[in-house]
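Step one of this worksheet: look at the structure below.
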Number of protein chains: 2
Amino acid sequence: MRLTRFSDIGLRVLIYLARTGDRQSIVTAAEIAAQFSIPVNHLVKVVGHLARAGWILATRGRNGGLRLAIDPMTLRTGTILLELEGTEELADCEGQQCQLRKHCALRGALQVGMRAFYDAMNAYTLADLCAGETGEQIVRMHRSFTRQ
Amino acid sequence: MRLTRFSDIGLRVLIYLARTGDRQSIVTAAEIAAQFSIPVNHLVKVVGHLARAGWILATRGRNGGLRLAIDPMTLRTGTILLELEGTEELADCEGQQCQLRKHCALRGALQVGMRAFYDAMNAYTLADLCAGETGEQIVRMHRSFTRQ
């Protein structure tokens, strides 16, 4: 079980911006792509999704860049993950046309498990994810990038 | 987030055998592969893993086949999944050499979330997964296969 690459990137973008994307400090998609060794075209797709969700603002032009559009204390990690993953289903019952799919006790059990996972993740806000040492490391990364 | 194909197959093998693999009824790897449209070579790898875990017995020969080696009421679904998945980590922090990995609040939060998931899954035994309609469907599938 792994997060999709899409979710993984989306979480890093949000955490990075929650710590750096204020009005005094411009953060570009190219910066985030470089920091996490993500191909820029992947990053741009994720950024588009986060913008459509209303969580980040992307502005164009010479001083354009990315910043958070919401208060990171109000955005919960389970909510972020569910939006980025797009489904709570852990098994591809329908795609595989499994003969058990119409009355599968496992499918129901997995849904209960995922609900417990998302509930536990919702105990963390985006602000929690970039607190303490994580946030300090992001500030160091950002400073090092802007000095290049 | 999806189960690995390995776990997905492993769970189906266990559920199928929990309902059919008694001494009166021979179930072969070929039968399970056919029932769930799984390539036999994939299935054989998973069966080997389940046998090494001590959960199933595979016997060779003319009347050889697969059967459960444990009481399905004693085997918990979280235990099965953790064995088959091989890791609780949802993100590949090390493989990607993420710059945040040494002090990442997200990594800790994901571990808490996965612990909640596995705890919830452990509320279900293997016996629960093949109870009721699921079990009835498996019995129908097995009868239909053996009549071919």
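Chain labels A, B, ... are given in the sequence in which chains occur in the structure tokens; within each chain residues are numbered consecutively from 1, and ligands are likewise numbered from 1 in the order shown.
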Any chance you could list, as a list in words, the residues in stretch 67-103 of chain A that come up helix (DSSP H, G or I) when DSSP is run on the backbone? Thr77, Gly78, Thr79, Ile80, Leu81, Leu82, Glu83, Leu84, Glu85, Arg101, Lys102 and His103 of chain A
Excluding stretch 123-130 of chain A and residues on its chain fewer than 5 positions from it, collect all residues at most 12 Å away from it, counting only C-alpha atoms, and give them as number ranges by chain. A: 10-20, 55, 68, 70-81, 116-118, 135-139; B: 100, 103-110, 112-113, 116
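Here the residues within chain B that DSSP labels strand (DSSP E or B) on the basis of the backbone are Arg2, Val27, Ile56, Leu57, Ala58, Thr59, Gly65, Leu66, Arg67, Leu68, Arg76 and Thr125 of chain B.
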Can you pull out the residues contacting B:His42? Cut-off 12 Å, using only C-alpha atoms, and skip same-chain residues under 2 positions away; I want them as number ranges by chain. B: 5-10, 13, 29-30, 32-33, 36-40, 44-49
Rounded to one decimal place, report the atom CA of B:Leu50-atom CA of B:Thr28 distance in Å. 14.4 Å
Would you kindly return, as a PyMOL selection string, each protein, DNA or RNA residue with an atom no farther than 9 Å from any atom of B:Thr4, considering only C-alpha atoms and excluding same-chain residues fewer than 6 positions away? (chain A and resi 1-2+91) or (chain B and resi 84-85)
Store the residues picked out above in a file with N, CA, C and O atoms, as a JSON list (two decimals), in the first residue's frame.
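That gives us selection.json:
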[["chain", "number", "residue", "atom", "x", "y", "z"],
["A", 1, "MET", "N", 0.84, -1.18, 0.00],
["A", 1, "MET", "CA", 0.00, 0.00, 0.00],
["A", 1, "MET", "C", 0.88, 1.23, 0.00],
["A", 1, "MET", "O", 1.72, 1.40, 0.88],
["A", 2, "ARG", "N", 0.70, 2.05, -0.99],
["A", 2, "ARG", "CA", 1.48, 3.28, -1.09],
["A", 2, "ARG", "C", 0.53, 4.39, -1.47],
["A", 2, "ARG", "O", -0.45, 4.17, -2.19],
["A", 91, "ALA", "N", -9.08, -1.90, -2.98],
["A", 91, "ALA", "CA", -8.95, -2.99, -3.96],
["A", 91, "ALA", "C", -9.78, -2.62, -5.19],
["A", 91, "ALA", "O", -10.82, -1.97, -5.08],
["B", 84, "LEU", "N", 1.54, -9.50, 4.17],
["B", 84, "LEU", "CA", 1.57, -9.50, 2.71],
["B", 84, "LEU", "C", 2.11, -8.18, 2.15],
["B", 84, "LEU", "O", 2.83, -8.17, 1.14],
["B", 85, "GLU", "N", 1.76, -7.08, 2.79],
["B", 85, "GLU", "CA", 2.26, -5.78, 2.32],
["B", 85, "GLU", "C", 3.74, -5.62, 2.63],
["B", 85, "GLU", "O", 4.48, -4.99, 1.88]]
What is the distance between atom CA of B:Glu133 and atom CA of B:Ala53, in Å to one decimal? 27.7 Å
At what distance in Å, to one decimal, does atom CA of B:Gly65 lie from atom CA of B:Ile26? 5.8 Å
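Candidate residues B:Gln35, B:Arg60, B:His142, B:Gln148 were compared for distance to chain A, and the nearest is B:Gln35, using only C-alpha atoms.
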